[in-house]
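Source file: start.cif. Holds: mmCIF, C-alpha atoms.
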data_my_file
#
loop_
_atom_site.label_atom_id
_atom_site.label_comp_id
_atom_site.auth_asym_id
_atom_site.auth_seq_id
_atom_site.Cartn_x
_atom_site.Cartn_y
_atom_site.Cartn_z
CA MET A 1 41.34 186.79 -140.84
CA ALA A 2 44.33 187.70 -138.80
CA PHE A 3 45.22 187.83 -135.11
CA GLN A 4 42.25 188.07 -132.77
CA LEU A 5 42.14 188.93 -129.10
CA VAL A 6 41.24 185.68 -127.33
CA THR A 7 42.01 186.09 -123.64
CA THR A 8 44.34 187.78 -121.19
CA LEU A 9 47.13 186.46 -118.98
CA ASP A 10 45.07 187.70 -116.06
CA ASP A 11 42.39 185.13 -116.94
CA LEU A 12 44.73 182.38 -118.07
CA TRP A 13 47.34 181.77 -115.39
CA GLU A 14 50.48 179.71 -115.75
CA GLY A 15 49.51 176.04 -115.76
CA ASP A 16 46.00 176.83 -117.06
CA MET A 17 44.37 176.03 -120.36
CA GLU A 18 41.05 177.03 -121.85
CA SER A 19 39.27 176.45 -125.14
CA PHE A 20 37.84 179.24 -127.26
CA GLU A 21 36.01 179.74 -130.50
CA VAL A 22 38.22 181.88 -132.69
CA GLY A 23 36.84 182.65 -136.11
CA ASP A 24 35.45 179.35 -137.37
CA LYS A 25 37.84 177.24 -135.29
CA GLU A 26 37.86 175.75 -131.82
CA ILE A 27 41.22 176.53 -130.29
CA LEU A 28 42.86 175.52 -127.03
CA VAL A 29 45.12 178.13 -125.46
CA ALA A 30 47.57 176.90 -122.82
CA HIS A 31 49.76 179.02 -120.58
CA LEU A 32 52.69 176.74 -119.84
CA ASP A 33 54.78 176.85 -116.69
CA GLY A 34 57.58 179.28 -117.46
CA GLY A 35 55.32 181.65 -119.36
CA GLU A 36 55.05 180.33 -122.90
CA VAL A 37 51.56 180.62 -124.41
CA VAL A 38 50.59 177.96 -126.97
CA ALA A 39 47.48 177.74 -129.15
CA THR A 40 46.44 174.40 -130.62
CA GLN A 41 43.32 172.57 -131.74
CA ALA A 42 40.67 172.16 -129.04
CA ILE A 43 39.63 168.66 -130.07
CA CYS A 44 41.90 165.62 -129.79
CA PRO A 45 42.98 164.45 -133.26
CA HIS A 46 41.92 160.93 -132.27
CA GLN A 47 38.23 161.33 -131.45
CA GLN A 48 35.70 164.02 -130.62
CA ILE A 49 37.08 164.74 -127.18
CA GLU A 50 37.87 168.22 -125.81
CA LEU A 51 41.54 168.38 -124.87
CA VAL A 52 40.75 171.01 -122.22
CA GLU A 53 39.04 168.25 -120.23
CA GLY A 54 42.34 166.40 -120.05
CA GLU A 55 45.36 167.04 -117.84
CA LEU A 56 48.14 169.59 -118.33
CA ASP A 57 51.38 168.70 -116.56
CA GLY A 58 54.16 171.10 -117.47
CA ALA A 59 54.07 171.09 -121.27
CA GLU A 60 52.59 167.59 -121.40
CA LEU A 61 48.91 167.45 -122.30
CA THR A 62 47.04 164.16 -121.78
CA CYS A 63 43.61 163.60 -123.34
CA LYS A 64 41.10 162.21 -120.88
CA ALA A 65 39.71 159.56 -123.20
CA HIS A 66 42.56 157.32 -124.39
CA LEU A 67 45.44 159.10 -122.66
CA TRP A 68 46.97 160.33 -125.89
CA GLN A 69 49.81 162.64 -124.87
CA PHE A 70 51.16 165.71 -126.62
CA ASP A 71 54.14 167.97 -126.01
CA LEU A 72 52.74 171.49 -126.28
CA ARG A 73 56.19 173.00 -126.81
CA THR A 74 56.38 171.22 -130.18
CA CYS A 75 52.71 170.20 -130.68
CA LYS A 76 53.96 166.70 -131.50
CA GLY A 77 52.60 163.48 -130.07
CA ILE A 78 54.48 161.81 -127.23
CA ASN A 79 52.31 158.67 -127.26
CA PRO A 80 51.46 157.89 -129.96
CA GLY A 81 54.52 159.49 -131.50
CA HIS A 82 53.09 159.39 -135.03
CA THR A 83 50.59 162.16 -134.42
CA GLU A 84 50.68 165.92 -134.08
CA ILE A 85 48.27 168.71 -133.27
CA ALA A 86 47.77 172.07 -134.96
CA ARG A 87 49.83 175.04 -133.83
CA TYR A 88 48.29 178.46 -134.26
CA PRO A 89 50.40 181.61 -134.17
CA VAL A 90 50.20 183.43 -130.82
CA ARG A 91 51.09 187.03 -130.02
CA VAL A 92 51.14 188.34 -126.46
CA GLU A 93 50.93 192.13 -126.10
CA GLY A 94 51.02 193.22 -122.50
CA ASP A 95 48.41 190.99 -120.89
CA ASP A 96 46.47 190.40 -124.08
CA VAL A 97 46.72 187.09 -125.93
CA TYR A 98 46.09 187.16 -129.68
CA VAL A 99 45.72 184.05 -131.85
CA ASP A 100 45.62 183.71 -135.64
CA PRO A 101 43.02 180.98 -136.42
CA ASP A 102 44.10 180.84 -140.06
CA GLY A 103 47.65 179.91 -139.14
CA ASP A 104 47.04 176.15 -139.12
CA THR A 105 44.45 173.40 -139.64
CA PRO A 106 43.24 170.82 -137.07
CA ARG A 107 44.71 167.35 -137.54
CA ILE A 108 42.80 164.09 -137.52
CA ALA A 109 44.75 160.98 -136.62
CA HIS A 110 43.97 157.39 -135.92
CA SER A 111 45.36 154.78 -133.66
CA MET B 1 11.48 147.94 -131.43
CA THR B 2 9.39 150.44 -133.33
CA HIS B 3 9.06 150.51 -137.06
CA SER B 4 7.45 153.90 -137.28
CA GLU B 5 10.53 156.03 -137.83
CA VAL B 6 10.89 157.58 -141.23
CA ALA B 7 13.61 156.63 -143.63
CA THR B 8 16.37 159.12 -143.20
CA ARG B 9 19.09 160.36 -145.45
CA ILE B 10 22.31 161.36 -143.81
CA PHE B 11 25.11 163.24 -145.45
CA HIS B 12 28.51 163.24 -143.93
CA VAL B 13 30.74 166.08 -144.95
CA ARG B 14 33.82 165.89 -142.77
CA ASP B 15 37.08 165.24 -144.64
CA GLY B 16 35.28 166.26 -147.80
CA GLU B 17 33.68 162.84 -148.05
CA ALA B 18 29.91 162.45 -148.22
CA HIS B 19 27.93 159.39 -147.24
CA GLN B 20 24.24 158.83 -147.56
CA PHE B 21 22.36 156.12 -145.78
CA THR B 22 18.92 155.12 -144.66
CA CYS B 23 17.81 154.88 -141.08
CA THR B 24 14.87 152.64 -140.19
CA ASP B 25 13.34 150.65 -137.36
CA GLY B 26 13.98 153.34 -134.77
CA ASP B 27 17.72 152.92 -135.18
CA SER B 28 20.03 155.50 -133.74
CA LEU B 29 22.10 157.53 -136.16
CA LEU B 30 25.15 155.53 -135.08
CA ARG B 31 23.66 152.10 -135.64
CA ALA B 32 22.19 153.12 -138.98
CA ALA B 33 25.61 154.36 -140.08
CA LEU B 34 27.36 151.17 -138.96
CA ARG B 35 24.75 148.90 -140.53
CA ALA B 36 25.25 150.77 -143.79
CA GLY B 37 29.00 150.19 -143.59
CA VAL B 38 29.80 153.81 -142.73
CA PRO B 39 32.44 153.46 -139.99
CA ALA B 40 31.42 156.28 -137.67
CA THR B 41 33.63 156.53 -134.57
CA TYR B 42 32.17 154.93 -131.44
CA GLU B 43 33.00 152.69 -128.55
CA CYS B 44 30.20 151.94 -126.10
CA ASN B 45 27.03 152.42 -128.18
CA SER B 46 25.38 153.16 -124.82
CA GLY B 47 25.76 156.92 -124.23
CA GLY B 48 28.73 156.69 -121.91
CA CYS B 49 31.98 157.23 -123.78
CA GLY B 50 31.39 160.31 -125.93
CA SER B 51 33.22 158.90 -128.95
CA CYS B 52 30.31 159.33 -131.38
CA LYS B 53 29.72 163.06 -131.02
CA PHE B 54 28.32 164.80 -134.05
CA THR B 55 26.70 168.05 -135.03
CA LEU B 56 23.33 168.32 -136.70
CA THR B 57 23.14 170.74 -139.61
CA GLU B 58 19.64 169.99 -140.79
CA GLY B 59 16.74 167.83 -139.68
CA GLU B 60 15.33 166.54 -136.42
CA VAL B 61 16.54 163.88 -134.00
CA ARG B 62 14.95 162.44 -130.87
CA GLN B 63 17.16 161.79 -127.82
CA VAL B 64 17.12 158.36 -126.19
CA GLN B 65 18.62 159.62 -122.90
CA ASP B 66 18.21 163.27 -121.99
CA ALA B 67 21.60 163.70 -120.36
CA PRO B 68 23.94 160.90 -121.41
CA ALA B 69 27.19 160.68 -119.45
CA GLY B 70 29.21 160.93 -122.65
CA LEU B 71 28.24 164.58 -123.20
CA THR B 72 29.91 167.25 -121.09
CA ASP B 73 28.38 170.64 -120.30
CA ARG B 74 30.80 172.10 -122.81
CA ASP B 75 29.53 169.69 -125.49
CA ARG B 76 25.95 170.67 -124.71
CA ARG B 77 26.78 174.38 -124.93
CA LYS B 78 28.30 173.77 -128.33
CA GLY B 79 25.29 171.83 -129.53
CA ARG B 80 27.04 168.50 -129.87
CA LEU B 81 24.99 165.31 -129.70
CA LEU B 82 25.77 161.62 -129.43
CA ALA B 83 25.02 159.56 -132.52
CA CYS B 84 24.23 156.52 -130.35
CA GLN B 85 21.56 158.51 -128.48
CA SER B 86 20.02 160.33 -131.45
CA VAL B 87 17.18 158.79 -133.44
CA PRO B 88 16.47 160.68 -136.66
CA GLN B 89 12.87 161.86 -137.05
CA SER B 90 13.31 163.27 -140.53
CA ASP B 91 15.90 163.53 -143.24
CA CYS B 92 19.04 164.85 -141.59
CA THR B 93 22.35 166.32 -142.60
CA VAL B 94 25.03 165.76 -140.01
CA SER B 95 28.76 165.99 -139.62
CA LEU B 96 30.30 163.04 -137.86
CA LEU B 97 33.78 161.62 -137.63
CA ILE B 98 34.64 158.57 -139.70
CA ASP B 99 37.17 155.94 -138.63
CA PRO B 100 39.63 155.04 -141.32
CA VAL B 101 39.58 151.46 -142.47
CA ASP B 102 41.48 149.60 -139.80
CA PRO B 103 44.02 147.24 -141.39
CA PHE B 104 42.90 144.59 -138.93
CA HIS B 105 39.25 144.96 -139.83
CA ALA B 106 39.30 142.27 -142.48
CA GLY B 107 36.42 140.01 -141.59
CA LEU B 108 34.58 142.65 -139.60
CA SER B 109 30.83 142.04 -139.87
CA LEU B 110 28.26 144.78 -140.08
CA PRO B 111 25.94 144.80 -137.07
CA ALA B 112 22.40 143.50 -137.52
CA ARG B 113 19.40 142.70 -135.34
CA ARG B 114 18.70 139.01 -134.85
CA VAL B 115 16.94 136.78 -132.38
CA GLY B 116 18.86 133.99 -130.65
CA GLU B 117 17.40 131.15 -128.62
CA VAL B 118 19.08 130.18 -125.36
CA VAL B 119 20.50 126.70 -126.09
CA ALA B 120 22.84 126.21 -123.13
CA GLU B 121 23.48 127.78 -119.76
CA ARG B 122 25.57 127.20 -116.66
CA MET B 123 26.75 129.16 -113.64
CA LEU B 124 30.48 129.96 -113.68
CA THR B 125 30.47 131.46 -110.17
CA HIS B 126 27.82 132.46 -107.64
CA ASP B 127 26.85 135.47 -109.78
CA LEU B 128 28.32 134.91 -113.24
CA ARG B 129 26.25 132.95 -115.75
CA GLU B 130 27.23 131.62 -119.13
CA LEU B 131 24.45 131.82 -121.70
CA SER B 132 24.77 130.38 -125.21
CA LEU B 133 22.47 131.79 -127.88
CA ALA B 134 21.97 130.05 -131.22
CA LEU B 135 23.06 132.57 -133.82
CA ASP B 136 24.54 131.85 -137.18
CA ALA B 137 26.42 135.09 -137.62
CA ASP B 138 29.99 136.20 -137.53
CA PHE B 139 31.92 138.42 -135.13
CA LEU B 140 35.52 138.96 -134.09
CA PRO B 141 36.94 137.78 -130.75
CA GLY B 142 36.57 140.60 -128.22
CA GLN B 143 33.45 142.20 -129.72
CA TYR B 144 30.12 142.78 -127.98
CA ALA B 145 26.41 142.83 -128.74
CA MET B 146 23.35 144.65 -127.42
CA LEU B 147 21.06 142.09 -125.76
CA ARG B 148 17.40 142.53 -124.94
CA ARG B 149 15.31 139.96 -123.12
CA PRO B 150 11.55 139.84 -123.70
CA GLY B 151 10.10 142.95 -122.06
CA GLY B 152 13.50 144.16 -120.93
CA GLU B 153 15.86 146.99 -121.74
CA GLU B 154 18.92 146.67 -123.92
CA ARG B 155 22.35 146.04 -122.37
CA ALA B 156 25.81 145.55 -123.87
CA TYR B 157 27.48 142.19 -123.26
CA SER B 158 30.62 140.78 -124.84
CA MET B 159 30.90 137.42 -126.51
CA ALA B 160 33.16 134.91 -124.77
CA ASN B 161 33.60 132.37 -127.53
CA THR B 162 35.02 132.46 -131.02
CA PRO B 163 32.86 132.76 -134.13
CA GLY B 164 31.89 129.99 -136.49
CA THR B 165 30.18 127.65 -134.04
CA GLY B 166 26.57 128.73 -134.60
CA VAL B 167 26.48 130.07 -131.06
CA TRP B 168 27.19 133.41 -129.39
CA GLN B 169 28.23 132.81 -125.81
CA PHE B 170 27.96 135.43 -123.06
CA HIS B 171 29.11 135.68 -119.45
CA ILE B 172 26.64 137.84 -117.57
CA LYS B 173 27.36 139.05 -114.06
CA ARG B 174 24.53 139.86 -111.69
CA VAL B 175 24.93 143.55 -110.83
CA PRO B 176 23.51 144.44 -107.39
CA GLY B 177 20.20 146.16 -108.06
CA GLY B 178 20.50 145.61 -111.82
CA ALA B 179 17.13 144.60 -113.27
CA GLU B 180 18.54 143.40 -116.58
CA SER B 181 21.61 141.53 -115.38
CA GLY B 182 19.58 140.01 -112.54
CA ALA B 183 17.00 138.69 -114.99
CA PHE B 184 19.67 137.30 -117.33
CA VAL B 185 21.34 135.48 -114.45
CA ASP B 186 18.29 134.29 -112.50
CA GLU B 187 15.26 134.18 -114.80
CA ILE B 188 16.16 133.57 -118.43
CA ALA B 189 15.69 129.88 -119.27
CA LEU B 190 16.58 127.46 -122.02
CA GLY B 191 14.44 128.15 -125.08
CA ASP B 192 13.92 131.85 -124.33
CA ALA B 193 14.37 134.18 -127.29
CA ILE B 194 16.82 137.04 -126.84
CA GLU B 195 17.09 139.97 -129.23
CA VAL B 196 20.73 140.40 -130.22
CA ASP B 197 22.06 143.44 -132.08
CA GLY B 198 25.67 143.15 -133.09
CA PRO B 199 28.52 142.68 -133.40
CA TYR B 200 29.94 145.97 -132.13
CA GLY B 201 33.29 147.09 -130.75
CA HIS B 202 36.86 147.84 -131.76
CA ALA B 203 38.73 145.98 -129.02
CA HIS B 204 38.82 142.80 -131.05
CA LEU B 205 41.79 140.53 -131.59
CA LYS B 206 44.36 142.03 -133.97
CA ALA B 207 46.63 139.75 -135.96
CA THR B 208 49.87 141.60 -135.29
CA GLY B 209 52.23 138.74 -134.46
CA ARG B 210 52.86 140.26 -131.01
CA ASP B 211 52.58 138.40 -127.75
CA VAL B 212 49.48 139.24 -125.76
CA VAL B 213 48.34 140.33 -122.31
CA CYS B 214 44.67 140.04 -121.30
CA ILE B 215 43.60 142.09 -118.28
CA ALA B 216 40.07 141.52 -116.99
CA GLY B 217 38.09 142.53 -113.95
CA GLY B 218 34.63 141.38 -112.87
CA SER B 219 32.19 141.46 -115.79
CA GLY B 220 35.09 141.95 -118.23
CA LEU B 221 35.99 138.27 -118.30
CA ALA B 222 34.01 137.30 -121.42
CA PRO B 223 35.82 139.41 -124.04
CA MET B 224 39.22 138.45 -122.62
CA VAL B 225 38.30 134.76 -122.80
CA SER B 226 37.24 135.35 -126.39
CA ILE B 227 40.59 137.03 -127.15
CA ALA B 228 42.47 134.12 -125.56
CA ARG B 229 40.47 131.60 -127.57
CA GLY B 230 40.93 133.59 -130.76
CA LEU B 231 44.66 133.81 -130.16
CA ALA B 232 44.83 130.05 -129.56
CA ALA B 233 42.96 129.41 -132.82
CA ALA B 234 45.29 131.60 -134.89
CA ALA B 235 47.85 130.09 -137.27
CA ASP B 236 50.79 131.41 -135.24
CA ALA B 237 49.37 130.33 -131.86
CA SER B 238 52.28 127.99 -131.09
CA GLU B 239 54.63 131.00 -131.11
CA ARG B 240 52.48 133.22 -128.89
CA ARG B 241 52.81 133.95 -125.20
CA LEU B 242 49.72 135.04 -123.24
CA ASP B 243 49.65 136.50 -119.75
CA PHE B 244 46.14 136.59 -118.35
CA PHE B 245 45.11 138.67 -115.33
CA TYR B 246 41.69 138.38 -113.69
CA GLY B 247 40.54 140.35 -110.70
CA GLY B 248 37.49 139.84 -108.50
CA ARG B 249 36.41 140.91 -105.05
CA ALA B 250 36.85 137.51 -103.42
CA PRO B 251 38.15 134.04 -104.36
CA ARG B 252 34.61 132.88 -105.10
CA ASP B 253 34.47 135.40 -107.99
CA LEU B 254 37.40 133.86 -109.85
CA CYS B 255 36.81 131.36 -112.60
CA ALA B 256 39.36 132.12 -115.34
CA GLY B 257 41.35 128.95 -114.67
CA GLU B 258 39.28 126.62 -116.84
CA PHE B 259 39.56 128.96 -119.83
CA VAL B 260 43.30 129.40 -119.47
CA THR B 261 43.70 125.61 -119.18
CA GLU B 262 41.52 125.15 -122.26
CA VAL B 263 43.86 127.16 -124.52
CA ALA B 264 47.18 126.35 -122.83
CA ASP B 265 48.22 123.47 -125.11
CA ARG B 266 48.01 125.56 -128.24
CA LEU B 267 50.14 128.49 -127.04
CA ALA B 268 53.89 128.67 -126.50
CA GLU B 269 53.43 129.92 -122.96
CA ILE B 270 50.57 131.07 -120.77
CA THR B 271 50.31 132.45 -117.25
CA LEU B 272 47.29 133.30 -115.11
CA VAL B 273 47.33 135.77 -112.24
CA ASP B 274 44.18 135.71 -110.09
CA VAL B 275 43.82 138.70 -107.81
CA VAL B 276 41.23 139.56 -105.16
CA SER B 277 40.54 143.09 -103.96
CA ASP B 278 38.67 142.33 -100.71
CA GLU B 279 40.23 141.00 -97.56
CA ALA B 280 41.32 137.50 -98.58
CA PRO B 281 40.73 134.40 -96.46
CA ASP B 282 43.70 132.70 -94.83
CA ASP B 283 43.83 129.89 -97.37
CA TRP B 284 44.15 132.33 -100.32
CA ASP B 285 47.65 132.10 -101.70
CA GLY B 286 47.07 134.29 -104.76
CA ALA B 287 47.59 138.02 -105.26
CA ARG B 288 45.71 140.65 -103.25
CA GLY B 289 44.86 144.16 -104.39
CA PHE B 290 43.63 145.73 -107.59
CA VAL B 291 44.25 144.31 -111.03
CA HIS B 292 46.54 147.14 -112.11
CA GLU B 293 48.66 146.49 -109.02
CA ALA B 294 48.95 142.85 -110.00
CA VAL B 295 50.01 143.86 -113.51
CA ALA B 296 52.67 146.19 -112.10
CA ALA B 297 53.85 143.52 -109.64
CA ALA B 298 54.15 140.90 -112.38
CA GLY B 299 57.07 142.88 -113.78
CA LEU B 300 56.61 141.80 -117.39
CA THR B 301 59.62 143.39 -119.07
CA ASP B 302 58.36 143.35 -122.66
CA LEU B 303 55.01 145.13 -122.24
CA VAL B 304 55.97 147.79 -124.79
CA ASP B 305 56.18 145.00 -127.40
CA ARG B 306 52.85 143.37 -126.50
CA ASP B 307 49.26 143.77 -127.56
CA ILE B 308 47.33 144.43 -124.39
CA TYR B 309 43.57 143.85 -124.17
CA VAL B 310 41.63 145.29 -121.23
CA ALA B 311 38.01 144.84 -120.10
CA GLY B 312 36.23 145.47 -116.84
CA PRO B 313 34.49 148.07 -114.70
CA PRO B 314 35.41 151.68 -115.58
CA PRO B 315 37.60 152.38 -112.49
CA MET B 316 39.61 149.23 -113.19
CA THR B 317 40.01 149.96 -116.91
CA ASP B 318 41.00 153.52 -116.06
CA ALA B 319 43.63 152.45 -113.51
CA VAL B 320 45.07 149.82 -115.85
CA THR B 321 45.33 152.08 -118.88
CA ARG B 322 46.89 154.85 -116.80
CA LEU B 323 49.50 152.45 -115.51
CA LEU B 324 50.24 151.15 -119.00
CA VAL B 325 50.41 154.50 -120.77
CA ARG B 326 51.72 156.92 -118.17
CA GLU B 327 54.06 154.79 -116.09
CA LEU B 328 55.06 151.88 -118.30
CA LYS B 329 55.05 153.92 -121.56
CA VAL B 330 53.23 151.30 -123.60
CA PRO B 331 52.34 152.72 -127.05
CA VAL B 332 48.62 153.61 -127.00
CA ASP B 333 48.18 151.87 -130.34
CA GLN B 334 48.87 148.52 -128.65
CA ILE B 335 46.30 148.91 -125.88
CA HIS B 336 42.86 147.69 -126.90
CA TYR B 337 39.65 148.36 -124.97
CA ASP B 338 36.19 149.76 -125.53
CA ARG B 339 35.41 152.52 -123.04
CA PHE B 340 31.99 152.26 -121.46
CA PHE B 341 32.50 155.52 -119.50
#

What do you get writing this file as structure tokens?
Amino acid sequence: MAFQLVTTLDDLWEGDMESFEVGDKEILVAHLDGGEVVATQAICPHQQIELVEGELDGAELTCKAHLWQFDLRTCKGINPGHTEIARYPVRVEGDDVYVDPDGDTPRIAHS
Amino acid sequence: MTHSEVATRIFHVRDGEAHQFTCTDGDSLLRAALRAGVPATYECNSGGCGSCKFTLTEGEVRQVQDAPAGLTDRDRRKGRLLACQSVPQSDCTVSLLIDPVDPFHAGLSLPARRVGEVVAERMLTHDLRELSLALDADFLPGQYAMLRRPGGEERAYSMANTPGTGVWQFHIKRVPGGAESGAFVDEIALGDAIEVDGPYGHAHLKATGRDVVCIAGGSGLAPMVSIARGLAAAADASERRLDFFYGGRAPRDLCAGEFVTEVADRLAEITLVDVVSDEAPDDWDGARGFVHEAVAAAGLTDLVDRDIYVAGPPPMTDAVTRLLVRELKVPVDQIHYDRFF
């Protein structure tokens, strides 16, 4: 599987995030302030919680359950720092956002 | 308790690891897993937190609550279920998330159903009652159990004592309009038999060698008292500092003093901050406001090096953890609480 059309910038404004099923994966696509589009795993690596239900502040994503925080520019954990989340390749063509679900694998981490 | 449910085989396939276990006595998928020593992720065991989500590949499960708070609309659309609310009705194949073996889990007991007789009781405040149940089973300080009085419904309550005394002690607060808590506070008598399923919970005392903060509000006193007692009983107690915060609505709700005094001699240093959220009477010289405000005002400078245990009503737990993580940058790994929301 390669890049798939997932959404458009018309639907996903700056500061927004949404989760999608892409291929056999659940993927969160975030449109960061400044324009960068990032695709990562939809489920927090800690427990079975949807990251889209958390808070996006700039590039900082906070899970609603235990307040695990991630920097979406790097897909590394801020707190805890020992964790990371998957980063799927993104291609933006015009308004269309394409994601390659085979480009990474969801992480599972533990506190 | 029903004994009519069929024995159920469960296969777990996530992480390439498979587990098989039997589910009997009307147990939920979660409890059956935990009793079998399969450490499925969970926190509240009551449908509220959403930590035990799983997907069903094969078989049939019955739902305890139709719309548990721990499942979002999105979860429902995606066919996710809660293991604590799903009772297998046939052999099932499921995919659920397994906790790794926690390095501090040494001595963790598998939960089991037992019956404990009420052997002591006293009122701690106008609405908080201490009940001691005779039970010869182990638990870790900070854990909880599911209690059911004769003819009642099950509720989660934390133990307040330390294990090894032949007694599990609970502090039960009368919730306005709460049938179960009201009965435990006002009706249950010495000699009554209470069904106890436990121990459960991850927010137990960890032997890390760090100093400790206990933050409790309202009904969250018991597990924090247990943590304090466990800390005081540890080999390195004389090197440990404990700061204990307890919040109530009014001065008449506060009763942590006797427990702090009880453990004070064995610790290097201990402080207690009592805080009331309602308008305080003129003779109140303690803190006013919410517990998280009292924690912020205390200005402890080494919070990032502490283990911090938190228990109380959801809004209080939420405010405290937000303060600790987002403003004070405490590592999440050092904040210990079981979410009941």

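Across B:Glu279, B:Asp75, B:Asp197, B:Glu293, the tightest approach to chain A is made by B:Asp75 when counting all atoms listed in the file.
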
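Atom pair atom CA of B:Thr41 / atom CA of B:Arg113: separated by 19.9 Å.
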
**Message:** Counting only C-alpha atoms, I want the residues whose atoms come within 7 Å of (44.0, 176.9, -122.5) in the file frame, returned as a ChimeraX atom specification.
**Reply:** /A:16-19,28-31,52

Find the residues of chain A that sit at most 12 Å from chain B; for each, write down the nearest two atoms and how far apart they are in Å, to one decimal. Count all atoms listed in the file. Sort by chain, then by number going up, and give it as a tab-separated table.
residue	atom	partner	partner_atom	distance
A:Glu18	CA	B:Arg74	CA	11.4
A:Ser19	CA	B:Arg74	CA	9.8
A:Phe20	CA	B:Arg74	CA	11.0
A:Glu21	CA	B:Lys78	CA	10.0
A:Glu26	CA	B:Lys78	CA	10.4
A:Ala42	CA	B:Arg74	CA	11.7
A:Ile43	CA	B:Asp75	CA	11.1
A:Cys44	CA	B:Ser51	CA	11.0
A:Pro45	CA	B:Leu97	CA	10.6
A:His46	CA	B:Asp99	CA	9.4
A:Gln47	CA	B:Ser51	CA	6.1
A:Gln48	CA	B:Ser51	CA	5.9
A:Ile49	CA	B:Ser51	CA	7.2
A:Glu50	CA	B:Asp75	CA	8.5
A:Leu51	CA	B:Arg74	CA	11.6
A:Val52	CA	B:Arg74	CA	10.0
A:Glu53	CA	B:Thr72	CA	9.2
A:Glu55	CA	B:Arg326	CA	12.0
A:Asp57	CA	B:Arg326	CA	11.9
A:Glu60	CA	B:Arg326	CA	11.2
A:Leu61	CA	B:Arg326	CA	11.7
A:Thr62	CA	B:Arg326	CA	9.3
A:Cys63	CA	B:Arg322	CA	11.4
A:Lys64	CA	B:Asp318	CA	9.9
A:Ala65	CA	B:Cys49	CA	8.1
A:His66	CA	B:Val332	CA	7.6
A:Leu67	CA	B:Val325	CA	7.0
A:Trp68	CA	B:Val332	CA	7.0
A:Gln69	CA	B:Arg326	CA	9.0
A:Gly77	CA	B:Val332	CA	11.1
A:Ile78	CA	B:Pro331	CA	9.3
A:Asn79	CA	B:Pro331	CA	6.0
A:Pro80	CA	B:Val332	CA	5.9
A:Gly81	CA	B:Pro331	CA	8.4
A:His82	CA	B:Asp333	CA	10.1
A:Thr83	CA	B:Asp333	CA	11.3
A:Pro106	CA	B:Asp15	CA	11.2
A:Arg107	CA	B:Asp15	CA	10.6
A:Ile108	CA	B:Asp15	CA	9.2
A:Ala109	CA	B:Pro100	CA	9.1
A:His110	CA	B:Pro100	CA	7.3
A:Ser111	CA	B:Asp333	CA	5.2

**Message:** Just to confirm, what's the straight-line distance from atom CA of B:Val276 to atom CA of B:Met146 in Å (one decimal)?
**Reply:** 29.0 Å

**Request:** Please evaluate the PyMOL selection byres ((chain B and resi 151) around 12) against the structure above and give the resulting residues as a PyMOL selection string.
**Result:** chain B and resi 1+147-150+152-154+179-180+183+188+192-195

**Request:** Please write as number ranges by chain the full residue list that the PyMOL selection byres ((chain A and resi 6) around 7) yields on this file.
**Result:** A: 4-5, 7, 97-99

Any chance you can output those residues with C-alpha atoms as a short mmCIF file (atom, residue, chain, number, x, y, z; two decimals), in the frame of the given file?
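The result, stored in result.cif:
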data_model
loop_
_atom_site.label_atom_id
_atom_site.label_comp_id
_atom_site.auth_asym_id
_atom_site.auth_seq_id
_atom_site.Cartn_x
_atom_site.Cartn_y
_atom_site.Cartn_z
CA GLN A 4 42.25 188.07 -132.77
CA LEU A 5 42.14 188.93 -129.10
CA THR A 7 42.01 186.09 -123.64
CA VAL A 97 46.72 187.09 -125.93
CA TYR A 98 46.09 187.16 -129.68
CA VAL A 99 45.72 184.05 -131.85
#

**Selection near B:Pro163, 9 Å with only C-alpha atoms, sequence-local residues under 3 positions removed, as a list in words** = Asp136, Ala137, Asp138, Phe139, Leu140, Pro141, Gly166, Val167, Trp168 and Gly230 of chain B

Output the selection as a PDB file, keeping the file's coordinate frame - C-alpha atoms for each residue.
ATOM      1  CA  ASP B 136      24.540 131.850-137.180  1.00  0.00           C
ATOM      2  CA  ALA B 137      26.420 135.090-137.620  1.00  0.00           C
ATOM      3  CA  ASP B 138      29.990 136.200-137.530  1.00  0.00           C
ATOM      4  CA  PHE B 139      31.920 138.420-135.130  1.00  0.00           C
ATOM      5  CA  LEU B 140      35.520 138.960-134.090  1.00  0.00           C
ATOM      6  CA  PRO B 141      36.940 137.780-130.750  1.00  0.00           C
ATOM      7  CA  GLY B 166      26.570 128.730-134.600  1.00  0.00           C
ATOM      8  CA  VAL B 167      26.480 130.070-131.060  1.00  0.00           C
ATOM      9  CA  TRP B 168      27.190 133.410-129.390  1.00  0.00           C
ATOM     10  CA  GLY B 230      40.930 133.590-130.760  1.00  0.00           C
TER      11      GLY B 230
END

**Request:** Return the single residue from A:Lys25, A:Leu32, A:Val37, A:Lys76 that is closest to A:Asp96, with distances computed using all atoms listed in the file.
**Result:** A:Val37

**Request:** Tell me which protein, DNA and RNA residues are within 10 Å of B:Gly142, counting all atoms listed in the file, leaving out same-chain ones fewer than 6 positions away, and put them as a list in words.
**Result:** Ser158, Met159, Ala160, Asn161, Thr162, Pro199, Tyr200, Gly201, His202, Ala203, His204, Leu205, Lys206, Ala222, Pro223, Met224, Val225, Ser226, Ile227, Ala228, Arg229, Gly230, Tyr309, Val310, Ala311, His336, Tyr337 and Asp338 of chain B

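Reported to one decimal place, the separation of atom CA of B:Val175 from atom CA of B:Asp274 is 20.8 Å.
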
**Message:** Using only C-alpha atoms for the distances, tell me which of B:Val263, B:Leu56, B:Ala298, B:Ala216 is nearest to B:Gly312.
**Reply:**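 Closest candidate: B:Ala216.
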